[in-house]
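Data from target00.txt: compact mmCIF, C-alpha atoms
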```
# COMPACT_ATOMS: atom_id res chain seq x y z
CA MET A 1 -30.12 -2.17 -22.89
CA GLU A 2 -31.28 -1.81 -19.30
CA LEU A 3 -29.94 1.32 -17.68
CA ALA A 4 -28.97 -0.61 -14.54
CA TYR A 5 -26.43 -2.39 -16.75
CA TYR A 6 -24.28 0.73 -16.62
CA SER A 7 -23.76 0.28 -12.88
CA ASP A 8 -21.08 -2.24 -13.82
CA TYR A 9 -19.00 0.71 -15.06
CA ALA A 10 -18.76 1.91 -11.45
CA VAL A 11 -17.79 -1.51 -10.14
CA ARG A 12 -15.09 -1.98 -12.78
CA LEU A 13 -13.52 1.39 -12.01
CA VAL A 14 -13.61 1.01 -8.21
CA ASN A 15 -12.05 -2.43 -8.41
CA THR A 16 -8.99 -1.24 -10.31
CA GLU A 17 -7.57 -0.46 -6.88
CA GLU A 18 -7.04 -2.69 -3.85
CA PRO A 19 -6.13 -0.23 -1.08
CA ALA A 20 -5.50 -2.84 1.60
CA ARG A 21 -3.02 -4.63 -0.64
CA GLY A 22 -1.43 -1.44 -2.00
CA LYS A 23 -2.34 -2.41 -5.58
CA ASP A 24 -3.46 -0.04 -8.32
CA ALA A 25 -4.08 -1.24 -11.88
CA LEU A 26 -5.01 2.22 -13.14
CA THR A 27 -1.52 3.34 -14.12
CA SER A 28 -1.68 3.96 -17.86
CA VAL A 29 -3.92 5.25 -20.62
CA GLU A 30 -4.23 1.66 -21.85
CA ALA A 31 -5.73 0.67 -18.49
CA VAL A 32 -8.22 3.52 -18.81
CA ARG A 33 -9.23 2.40 -22.29
CA ASP A 34 -9.73 -1.18 -21.13
CA LEU A 35 -12.43 0.00 -18.74
CA PHE A 36 -14.69 1.01 -21.62
CA GLY A 37 -15.00 -2.56 -22.85
CA PRO A 38 -16.53 -2.78 -26.33
CA SER A 39 -17.11 0.99 -26.54
CA GLN A 40 -14.00 1.59 -28.59
CA SER A 41 -15.01 5.03 -29.89
CA ALA A 42 -15.16 6.37 -26.33
CA ALA A 43 -11.96 4.58 -25.36
CA ARG A 44 -10.03 6.24 -28.16
CA ARG A 45 -10.67 9.66 -26.62
CA ALA A 46 -8.69 8.72 -23.51
CA THR A 47 -5.33 10.43 -22.98
CA ASP A 48 -2.64 10.33 -20.33
CA ALA A 49 -4.43 13.15 -18.51
CA ASP A 50 -7.41 10.87 -17.93
CA VAL A 51 -5.40 8.56 -15.68
CA THR A 52 -5.38 11.12 -12.87
CA ARG A 53 -8.96 12.18 -13.53
CA PHE A 54 -10.17 8.59 -13.47
CA ARG A 55 -8.45 8.02 -10.13
CA SER A 56 -10.31 10.98 -8.67
CA VAL A 57 -13.68 9.67 -9.86
CA ARG A 58 -12.74 6.22 -8.58
CA ALA A 59 -12.17 7.55 -5.06
CA ARG A 60 -15.57 9.24 -5.08
CA LEU A 61 -17.34 6.13 -6.33
CA ARG A 62 -15.63 4.00 -3.67
CA ALA A 63 -16.88 6.45 -1.05
CA VAL A 64 -20.43 5.72 -2.23
CA PHE A 65 -19.90 1.98 -1.74
CA GLU A 66 -18.24 2.54 1.64
CA ALA A 67 -21.16 4.62 2.88
CA ALA A 68 -23.64 2.02 1.66
CA ASP A 69 -21.61 -0.79 3.23
CA THR A 70 -21.68 0.90 6.65
CA GLY A 71 -25.43 1.54 6.41
CA ASP A 72 -25.16 5.31 5.94
CA GLU A 73 -27.88 5.52 3.32
CA ARG A 74 -28.15 9.31 3.26
CA LEU A 75 -24.42 9.82 2.77
CA ALA A 76 -24.33 7.29 -0.07
CA VAL A 77 -27.13 9.10 -1.86
CA ASP A 78 -25.60 12.54 -1.29
CA LEU A 79 -22.22 11.43 -2.64
CA LEU A 80 -23.83 9.88 -5.70
CA ASN A 81 -25.97 12.96 -6.31
CA SER A 82 -22.85 15.12 -6.33
CA LEU A 83 -21.41 12.95 -9.11
CA LEU A 84 -24.66 13.13 -11.08
CA LEU A 85 -24.65 16.92 -10.88
CA GLU A 86 -21.02 17.20 -11.96
CA PHE A 87 -21.26 14.62 -14.74
CA PRO A 88 -24.68 14.88 -16.41
CA VAL A 89 -25.74 12.21 -18.87
CA SER A 90 -27.12 12.47 -22.38
CA PRO A 91 -29.89 9.86 -22.70
CA GLN A 92 -30.83 8.72 -26.19
CA ILE A 93 -33.24 6.23 -27.71
CA SER A 94 -31.28 3.55 -29.49
CA GLY A 95 -32.07 0.40 -31.43
CA HIS A 96 -29.75 0.28 -34.40
CA ASP A 97 -27.94 -2.84 -33.15
CA HIS A 98 -31.01 -4.77 -31.99
CA ARG A 99 -33.77 -6.10 -34.24
CA ASP A 100 -36.85 -8.23 -33.67
CA ASP A 101 -37.84 -11.21 -35.82
CA ASP A 102 -39.41 -8.88 -38.37
CA GLY A 103 -36.28 -6.75 -38.65
CA ARG A 104 -37.73 -3.80 -36.75
CA PRO A 105 -35.54 -1.95 -34.21
CA LEU A 106 -35.87 -2.94 -30.57
CA TRP A 107 -35.91 0.56 -29.12
CA HIS A 108 -34.32 1.07 -25.73
CA MET A 109 -32.78 3.82 -23.64
CA HIS A 110 -29.07 4.38 -24.11
CA LEU A 111 -26.67 6.68 -22.28
CA ALA A 112 -24.63 8.51 -24.88
CA ASP A 113 -20.93 9.11 -24.30
CA HIS A 114 -20.07 12.57 -23.08
CA PRO A 115 -18.25 14.50 -25.82
CA SER A 116 -15.84 16.59 -23.72
CA ASN A 117 -13.35 13.96 -22.51
CA ALA A 118 -13.09 10.29 -21.65
CA THR A 119 -13.33 10.80 -17.88
CA ALA A 120 -16.50 12.90 -18.06
CA GLY A 121 -18.14 10.37 -20.34
CA TYR A 122 -17.24 7.37 -18.21
CA ALA A 123 -18.13 9.10 -14.93
CA ALA A 124 -21.54 10.15 -16.25
CA ILE A 125 -22.38 6.60 -17.33
CA ALA A 126 -21.04 5.00 -14.14
CA ALA A 127 -22.85 7.41 -11.82
CA MET A 128 -26.17 7.17 -13.66
CA GLY A 129 -25.97 3.37 -13.84
CA LEU A 130 -25.24 3.18 -10.12
CA ALA A 131 -28.12 5.58 -9.41
CA PHE A 132 -30.54 3.38 -11.33
CA HIS A 133 -29.32 0.30 -9.47
CA LEU A 134 -29.62 2.05 -6.10
CA THR A 135 -33.15 3.32 -6.71
CA GLU A 136 -34.31 0.04 -8.23
CA TYR A 137 -32.88 -2.39 -5.66
CA GLY A 138 -31.95 -0.32 -2.60
CA VAL A 139 -28.80 1.12 -1.04
CA ASP A 140 -28.08 -2.11 0.81
CA ARG A 141 -27.45 -3.78 -2.56
CA LEU A 142 -24.16 -1.88 -2.82
CA GLY A 143 -21.41 -3.55 -0.85
CA LEU A 144 -17.72 -4.17 -0.27
CA CYS A 145 -16.29 -7.67 -0.10
CA GLU A 146 -16.02 -9.01 3.46
CA ALA A 147 -13.08 -11.26 2.61
CA ALA A 148 -10.27 -9.16 4.05
CA PRO A 149 -8.12 -7.69 2.70
CA CYS A 150 -10.06 -7.71 -0.59
CA ARG A 151 -12.75 -5.01 -0.14
CA ASN A 152 -13.70 -5.04 -3.82
CA ALA A 153 -17.03 -3.43 -4.68
CA TYR A 154 -19.98 -5.54 -5.76
CA LEU A 155 -23.67 -5.19 -6.60
CA ASP A 156 -25.92 -7.63 -4.78
CA THR A 157 -28.54 -9.06 -7.15
CA SER A 158 -29.38 -12.11 -5.03
CA THR A 159 -33.04 -12.77 -4.30
CA ASN A 160 -32.56 -12.80 -0.52
CA ARG A 161 -30.03 -9.95 -0.22
CA SER A 162 -27.44 -12.38 1.09
CA ARG A 163 -24.36 -11.53 -0.94
CA ARG A 164 -21.27 -10.68 1.15
CA TYR A 165 -18.36 -11.31 -1.21
CA CYS A 166 -17.31 -9.97 -4.59
CA SER A 167 -16.67 -13.42 -6.07
CA ASP A 168 -16.93 -17.15 -5.43
CA ARG A 169 -13.18 -17.19 -4.91
CA CYS A 170 -13.38 -14.71 -2.03
CA ALA A 171 -16.37 -16.54 -0.53
CA THR A 172 -14.43 -19.81 -0.54
CA ARG A 173 -11.33 -18.16 0.91
CA ALA A 174 -13.38 -16.58 3.71
CA ASN A 175 -15.07 -19.88 4.55
CA VAL A 176 -11.72 -21.67 4.69
CA ALA A 177 -10.27 -18.94 6.91
CA ALA A 178 -13.27 -19.16 9.26
CA TYR A 179 -12.93 -22.94 9.44
CA ARG A 180 -9.22 -22.73 10.29
CA ALA A 181 -9.91 -20.09 12.92
CA ARG A 182 -12.44 -22.37 14.60
CA LYS A 183 -9.94 -25.21 14.59
CA ARG A 184 -7.25 -23.01 16.16
CA LEU A 185 -9.70 -21.93 18.85
CA GLU A 186 -10.61 -25.51 19.61
CA ALA A 187 -6.93 -26.42 19.87
CA THR A 188 -6.31 -23.73 22.50
CA ARG A 189 -9.16 -24.78 24.75
CA PRO A 190 -8.19 -26.80 27.88
CA ASP A 191 -8.98 -30.47 27.69
CA VAL A 192 -12.20 -31.31 29.46
CA PRO A 193 -12.46 -35.00 30.41
CA GLU A 194 -15.44 -36.68 28.96
CA ARG A 195 -18.04 -37.89 31.41
CA THR A 196 -17.72 -41.59 31.05
CA GLY A 197 -20.21 -44.00 32.47
CA LEU A 198 -17.93 -44.58 35.49
CA ALA A 199 -17.48 -40.86 36.12
CA ALA A 200 -21.17 -40.27 35.79
CA ASP A 201 -21.87 -43.00 38.29
CA SER A 202 -19.35 -41.61 40.79
CA ALA A 203 -20.94 -38.18 40.51
CA GLN A 204 -24.25 -39.57 41.76
CA PRO A 205 -24.72 -40.16 45.51
CA SER A 206 -24.62 -43.84 46.38
CA SER A 207 -27.43 -45.47 48.25
CA ALA A 208 -25.12 -45.84 51.25
CA GLN A 209 -23.81 -42.30 51.26
CA GLY A 210 -26.72 -40.45 49.85
CA ASP A 211 -29.40 -41.68 52.19
CA ARG A 212 -28.48 -40.31 55.61
CA ARG A 213 -31.88 -40.76 57.21
CA PRO A 214 -31.62 -42.63 60.50
CA GLU A 215 -33.07 -46.09 60.55
CA LEU A 216 -36.36 -46.38 62.26
CA ARG A 217 -35.92 -48.29 65.44
CA GLY A 218 -38.60 -50.18 67.04
CA ARG A 219 -40.05 -48.46 70.03
```
Just dump the structure as structure tokens.
Amino acid sequence: MELAYYSDYAVRLVNTEEPARGKDALTSVEAVRDLFGPSQSAARRATDADVTRFRSVRARLRAVFEAADTGDERLAVDLLNSLLLEFPVSPQISGHDHRDDDGRPLWHMHLADHPSNATAGYAAIAAMGLAFHLTEYGVDRLGLCEAAPCRNAYLDTSTNRSRRYCSDRCATRANVAAYRARKRLEATRPDVPERTGLAADSAQPSSAQGDRRPELRGR
């Protein structure tokens, strides 16, 4: 498993909240457990106390995305480093679930779950995954959706660094909103008469009016 894969842990946690809409999906221990995905052994360690702890980590991870989104590269790195120091990882070589055609293990690096509590384990994996993504692809690959009021976090993996929205749905909604805004602007503009052929002709000086040179008289 590629270590950058773990960066999705950070995105999933950050996007449990939509501040601009006043929505928060992280309200129960079941919601915490859902974040772990297929890692059921780690999810089972979650308790009600982890709800508050997860929210705290979420705020700190969102701050990393916000700093990156505004172009403050140093702040984004400093905030992420503070998480890495507080929640160290336990890397392990794994391969028990992956075999080649000859039945031999496909060894790969794996981030082991932290044993102390569910929050520490999740935060360690999310922070390290985000750190690998940042160092591999650059700080500008961390962003927040531009389709207001969404502001969900996303990781830009496009080849030309062009991603601006967290999903196709938000991209479509933003394009529709921009189109409607242009139409409203056009509707408020004063009517400007088109320059018809007749108007264009009248705007040009006529041969009678435009040529004011006196006729040459015979001497």
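Note that the spacing between atom CA of Val11 of chain A and atom CA of Ser116 of chain A amounts to 22.7 Å.
Among the candidates A:Asn160, A:Asn152, A:Thr70, A:Ser39, the one nearest to Thr16 of chain A when counting only C-alpha atoms is A:Asn152.
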Item checked: Top pick for closest residue to Pro88 of chain A, considering A:Ala181, A:Asp100, A:Ala126, A:Trp107 and counting all atoms listed in the file -> A:Ala126
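Closest approach to Phe65 of chain A among A:Thr27, A:Asn15, A:Gln40, A:Ser82 is made by A:Asn15 (distances from all atoms listed in the file).
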Check: Looking at A:Leu144, A:Ala131, A:Val51, A:Ala174, which one is nearest to Leu85 of chain A, with distances taken over all atoms listed in the file?
Finding: A:Ala131
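Of note, atom CA of Cys166 of chain A and atom CA of Leu111 of chain A are spaced 26.0 Å apart.
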Next item on the list: Tell me which of A:Thr172, A:Ser7, A:Gln92, A:Ser158 sits closest to Leu130 of chain A, counting only C-alpha atoms.
Entry: A:Ser7
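Distances here use only C-alpha atoms; by that measure, the residue among A:Arg189, A:Arg58, A:Arg169, A:Arg12 closest to Gly37 of chain A is A:Arg12.
The coordinates place atom CA of Arg55 of chain A at 7.4 Å from atom CA of Leu26 of chain A.
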